[in-house]
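Heads up, the thing below is written out as structure tokens.
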Amino acid sequence: MRAPFSLALPSKGRLMEDAIELFSAAGMPISKLGDDRGYRGIIAGMNDVEVTFLSATEIAYRLREGSIDMGITGEDLLREHIPDLQERAEISARLGFGGADVVCAVPECWIDVSTMSDLDEVSMHFYETHQRRLRVATKYVNVTRGFFADCGVRGYRIVESLGATEGAPAAGAAEIIVDITSTGDTLRANHLRILDDGLVLRSEAVLARSRLALDDTDRLHISDLILDGLRDTI
Amino acid sequence: MSGKATDLRAALDAQADTILGLFADSGYEYIEPEILQPADIFLDRSGEDIRTRTYVFTDPAGAELCLRPDLTVPTCRYHVEHGQTGPGTVRYSYSGPAFRFQPGGHDELRPREFDQIGIEYFGAEDSETAEAEVISLAVEAVRRAGLDGFQVKIGDLGLFNRLLDGIDMPERWRKRLRHDFWRPQAFHETLARLSEDPAARVDRELDFMGGALSDRVDETAATLDQLLTLRAIPLVGGRSVQDIAERICEKAADRSAPPLPQQTARLIQDYISVTGRPRDALHRIMNLIVAAELDLSTSLAAFARRITLMQDSGIAVDSCRFLSEFGRNLEYYTGFVFQIEYDTPAGPMPIAGGGRYDTLLSDIGADRPTPAVGCAIHTERLLAAVNGDY
């Protein structure tokens, strides 16, 4: 028996609420199965679609693997976890919520550093005085590498951070960070400043289809129905 | 690929015996550096290409390790840790696996795990003689393995550095140009920017310091220190107030420095574009230098002597190609560099490469500056070229 069409939605927070609200505003209300904390659901009127609630990162992984047909997640996570995004999945719609920027920020006290080119120069000097490279704390390892290479900054190394990245410079775990921010308040509170050309990626919630849906006529058809249903609401 | 077939393994072993025999006869001591290496040395010393392609992992005790992406750094570590850092010369040879991630997918010609055979020659005071020895051994090794019809490409990063030293400009600009040398696009952009009027730039520190810029680092540091305290900005990120003040002063000095004259920018461009037979290239460079009234006689004499020594050791110098822009993308090279290439339908394939790296040994802990020159051969590619598999 073929697996049912699977649509994955974020399992918590604003992203989940906004996603559920989107479907319900489009006249395709989602009801969770079991009690309130259930991780499965159905769309009214679309019995062949199985809805699962997963973490946004997990949704990006599953889209990469092609083990779900469709999912809502952050564009930042897709770009980070699917380096060959064009081969693996398609961003079918940008949803207008969950907006945030991935940015490169330096300590506020580095008043001589405004641009990525300044950063490159400081990295050379830093290497001469400390015999090691500038450390960049981030959970966006691949995105950061690509951005730094495009800007021609090479004197750095990445320290993978799994949370509270903005605290890394004060804790002495890294000198600078690449992190996601919506208002910049957290960065300012931690005495960090975004570089003038330090916008790495403008991210928002997106609806994406995996190869599983794109390569199969029936599945493609179901995903088109969902997209059409949402089109007027997005 | 789940492993090499027996006959391929046997062919590679036979090839290795031939090459290692040559190196042993030439006085190179065979060593086996570790495959597992501390990751930070590679991540800190190598260029972008190697860094992003190194397999890095954390062991159960939390140490950050890597599978060695080449054997040069492991050989340097071996040398430093075995305490042989006194005066005198040391010659090492090695043979063993190296590992590099292949972003476009790995196959037989772009393997992620491959055998490198190479030599490293430390402590030689006569640079050109050591360089000629290493390149001629590399060429002879490839020949004995059965390859002909290969090309030899040479370059000289030392000459480029001396050229910059000879031109009047702030030291900071020199650093910038050296730093960008590895990326042609950035280099040309930097050169263009330095030869434009710098007065138009607006920098954040001018605002922050309220225009109170001094050309003295100690005064700037004192002002900066006060301002940071006053505004409750913590000093984090590993740079001292002194470090930041120094750079503020350097940038201020830049703003008042005259731009690089157009003819100087053109000289650098002209130098960078010199290619051709080594002797012709030498003449071309000499003409440029003389026209610009610079003195690079020591470096040029070394260049000429190296060519003669290479000729004497059996290299057909007139069929080599010199490219002043050729610097390899491993950033630890400091002087003479070379590459042996073989033409394939997909373009020239590097078979072996090497050069001088005079700062690496002291960077990783040798107790004195130790000149070093070496080379490594990509054995799978060499065998494929010999067998006509391209």
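Residues are referred to by chain and number: the chain letter is A, B, ... according to the order shown in the structure tokens, the number counts from 1 in that chain, and ligands are numbered separately from 1 in the order shown.
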Contact set, chain B to chain A: 9 Å, only C-alpha atoms, as a ChimeraX atom specification = /B:40-41,43-45,47-48,51-52,175-176,179-180,183,186,203-206,208,228,233-239,241,243-245,247-248,251,363
Identify, on the basis of only C-alpha atoms, every residue whose closest approach to stretch 2-14 of chain A does not exceed 10 Å; exclude the query and any residue fewer than 4 positions from it along the same chain; express the result as a VMD selection string.
-> chain A and resid 18 to 20 37 to 43 47 to 60 62 to 63 67 to 74 97 to 98 207 to 209 212 to 213 218 to 220 222 to 223 226
Give the strand (DSSP E) residues of stretch 97-208 of chain A, as DSSP finds them on the backbone, and put them as number ranges by chain.
-> A: 100-107, 134-138, 156-160, 176-181, 192-203, 205-208
Residues of the last selection are to be written out with N, CA and C atoms, as a compact mmCIF listing (two decimals), in the first residue's frame.
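Output saved as out-v9.txt:
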```txt
# COMPACT_ATOMS: atom_id res chain seq x y z
N ALA A 100 12.31 36.77 9.61
CA ALA A 100 13.48 37.06 10.44
C ALA A 100 14.69 37.08 9.53
N ASP A 101 15.74 37.79 9.98
CA ASP A 101 16.95 37.87 9.17
C ASP A 101 18.08 37.08 9.81
N VAL A 102 18.82 36.37 8.98
CA VAL A 102 20.07 35.79 9.46
C VAL A 102 21.14 36.85 9.21
N VAL A 103 21.85 37.24 10.26
CA VAL A 103 22.79 38.35 10.13
C VAL A 103 24.15 38.01 10.76
N CYS A 104 25.15 38.76 10.33
CA CYS A 104 26.47 38.65 10.93
C CYS A 104 26.68 39.85 11.86
N ALA A 105 26.97 39.57 13.13
CA ALA A 105 27.11 40.64 14.12
C ALA A 105 28.44 40.54 14.85
N VAL A 106 28.99 41.71 15.20
CA VAL A 106 30.28 41.78 15.89
C VAL A 106 30.09 42.49 17.23
N PRO A 107 31.06 42.37 18.14
CA PRO A 107 30.94 43.09 19.41
C PRO A 107 30.79 44.59 19.18
N LEU A 134 39.67 34.04 13.83
CA LEU A 134 38.44 34.52 14.46
C LEU A 134 37.43 33.38 14.50
N ARG A 135 36.75 33.25 15.63
CA ARG A 135 35.73 32.21 15.71
C ARG A 135 34.33 32.80 15.50
N VAL A 136 33.57 32.14 14.68
CA VAL A 136 32.20 32.57 14.40
C VAL A 136 31.26 31.56 15.02
N ALA A 137 30.46 31.97 16.00
CA ALA A 137 29.48 31.06 16.59
C ALA A 137 28.21 31.11 15.76
N THR A 138 27.69 29.95 15.37
CA THR A 138 26.47 29.92 14.58
C THR A 138 25.88 28.53 14.56
N TYR A 156 38.60 32.96 9.33
CA TYR A 156 37.67 32.64 10.41
C TYR A 156 37.56 31.13 10.55
N ARG A 157 37.01 30.71 11.67
CA ARG A 157 36.56 29.33 11.74
C ARG A 157 35.24 29.28 12.48
N ILE A 158 34.47 28.26 12.16
CA ILE A 158 33.12 28.19 12.70
C ILE A 158 33.10 27.36 13.97
N VAL A 159 32.42 27.89 14.99
CA VAL A 159 32.18 27.14 16.20
C VAL A 159 30.69 26.86 16.21
N GLU A 160 30.31 25.61 16.11
CA GLU A 160 28.89 25.31 15.99
C GLU A 160 28.21 25.58 17.32
N ILE A 176 32.64 36.53 17.04
CA ILE A 176 31.50 37.10 16.34
C ILE A 176 30.45 36.02 16.13
N ILE A 177 29.25 36.43 15.67
CA ILE A 177 28.19 35.44 15.48
C ILE A 177 27.46 35.63 14.16
N VAL A 178 26.86 34.56 13.68
CA VAL A 178 25.86 34.63 12.62
C VAL A 178 24.62 34.00 13.21
N ASP A 179 23.54 34.79 13.30
CA ASP A 179 22.35 34.28 13.97
C ASP A 179 21.10 34.89 13.38
N ILE A 180 19.96 34.34 13.78
CA ILE A 180 18.69 34.85 13.26
C ILE A 180 18.12 35.86 14.24
N THR A 181 17.53 36.91 13.69
CA THR A 181 16.96 37.94 14.54
C THR A 181 15.76 38.55 13.83
N LEU A 192 25.96 43.48 20.75
CA LEU A 192 26.44 43.09 19.43
C LEU A 192 25.84 44.03 18.39
N ARG A 193 26.55 44.25 17.30
CA ARG A 193 26.09 45.15 16.25
C ARG A 193 26.13 44.44 14.90
N ILE A 194 25.03 44.56 14.14
CA ILE A 194 24.97 43.94 12.82
C ILE A 194 25.83 44.77 11.86
N LEU A 195 26.65 44.10 11.06
CA LEU A 195 27.49 44.82 10.09
C LEU A 195 26.61 45.44 9.00
N ASP A 196 27.07 46.58 8.43
CA ASP A 196 26.26 47.29 7.43
C ASP A 196 25.87 46.37 6.27
N ASP A 197 26.81 45.51 5.85
CA ASP A 197 26.49 44.57 4.77
C ASP A 197 26.45 43.14 5.31
N GLY A 198 25.99 43.02 6.58
CA GLY A 198 26.01 41.71 7.24
C GLY A 198 24.71 40.94 7.14
N LEU A 199 23.83 41.32 6.20
CA LEU A 199 22.59 40.56 6.02
C LEU A 199 22.90 39.29 5.23
N VAL A 200 22.82 38.16 5.90
CA VAL A 200 23.19 36.89 5.28
C VAL A 200 22.02 36.32 4.51
N LEU A 201 20.83 36.43 5.09
CA LEU A 201 19.66 35.79 4.47
C LEU A 201 18.41 36.42 5.06
N ARG A 202 17.47 36.79 4.20
CA ARG A 202 16.17 37.27 4.65
C ARG A 202 15.25 36.07 4.64
N SER A 203 14.80 35.66 5.81
CA SER A 203 14.04 34.41 5.89
C SER A 203 12.59 34.67 6.29
N ALA A 205 8.60 32.12 6.77
CA ALA A 205 8.04 30.77 6.65
C ALA A 205 7.69 30.49 5.19
N VAL A 206 7.97 29.28 4.74
CA VAL A 206 7.67 28.92 3.36
C VAL A 206 6.95 27.57 3.33
N LEU A 207 6.20 27.38 2.25
CA LEU A 207 5.59 26.07 2.00
C LEU A 207 6.42 25.42 0.90
N ALA A 208 6.97 24.25 1.20
CA ALA A 208 7.87 23.62 0.24
C ALA A 208 7.39 22.21 -0.10
```
Close residues, B:Arg284 itself excluded, 12 Å, only C-alpha atoms, min 3 positions apart in chain, as an MDAnalysis selection string | chainID B and resid 267 270:281 287:291 300 322:324
Run DSSP on the backbone and grab whatever in stretch 83-202 of chain A lands in alpha helix (DSSP H); send it over as a ChimeraX atom specification.
-> /A:85-88,116-130,141-151,168-171,185-189
Name the closest residue to A:Ile82 among the candidates A:Glu166, A:Gly27, A:Ser210, A:His221; distances are taken between atoms, counting only C-alpha atoms.
-> A:Ser210
Which polymer residues have any atom within 6 Å of an atom of stretch 142-154 of chain B, counting only C-alpha atoms, with same-chain residues fewer than 3 positions away left out, as an MDAnalysis selection string?
-> chainID B and resid 15 139 320:322 337:342 386
Selection export as a JSON list (two decimals), in the first residue's frame, atoms kept: C-alpha atoms:
```json
[["chain", "number", "residue", "atom", "x", "y", "z"],
["B", 15, "GLN", "CA", 54.32, 2.64, -8.17],
["B", 139, "VAL", "CA", 59.72, 15.39, -11.89],
["B", 320, "CYS", "CA", 58.23, 24.80, -18.11],
["B", 321, "ARG", "CA", 55.78, 27.62, -17.78],
["B", 322, "PHE", "CA", 56.14, 30.47, -15.29],
["B", 337, "VAL", "CA", 55.75, 27.03, -5.95],
["B", 338, "PHE", "CA", 55.28, 24.41, -8.64],
["B", 339, "GLN", "CA", 52.76, 21.99, -10.06],
["B", 340, "ILE", "CA", 53.08, 19.05, -12.43],
["B", 341, "GLU", "CA", 50.03, 18.74, -14.67],
["B", 342, "TYR", "CA", 48.73, 16.30, -17.22],
["B", 386, "VAL", "CA", 50.28, 6.59, -16.88]]
```
Counting only C-alpha atoms, the residue of B:Leu213, B:Ala384, B:Ala316, B:Leu164 that sits nearest B:Arg178 =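 Using only C-alpha atoms, B:Arg178 sits closest to B:Leu164.
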Quick one: contact table of stretch 213-243 of chain B to stretch 252-258 of chain B, 12 Å max, nearest atom pair and distance in Å to one decimal per residue, counting only C-alpha atoms, chain and number order, as a tab-separated table?
```
residue	atom	partner	partner_atom	distance
B:Leu213	CA	B:Ala252	CA	7.9
B:Ser214	CA	B:Ala252	CA	8.7
B:Asp215	CA	B:Ala252	CA	7.4
B:Arg216	CA	B:Ala253	CA	10.5
B:Val217	CA	B:Ala252	CA	11.0
B:Thr220	CA	B:Ala252	CA	11.1
```
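Atom CA of B:Glu29 is found 11.6 Å from atom CA of B:Ser95.
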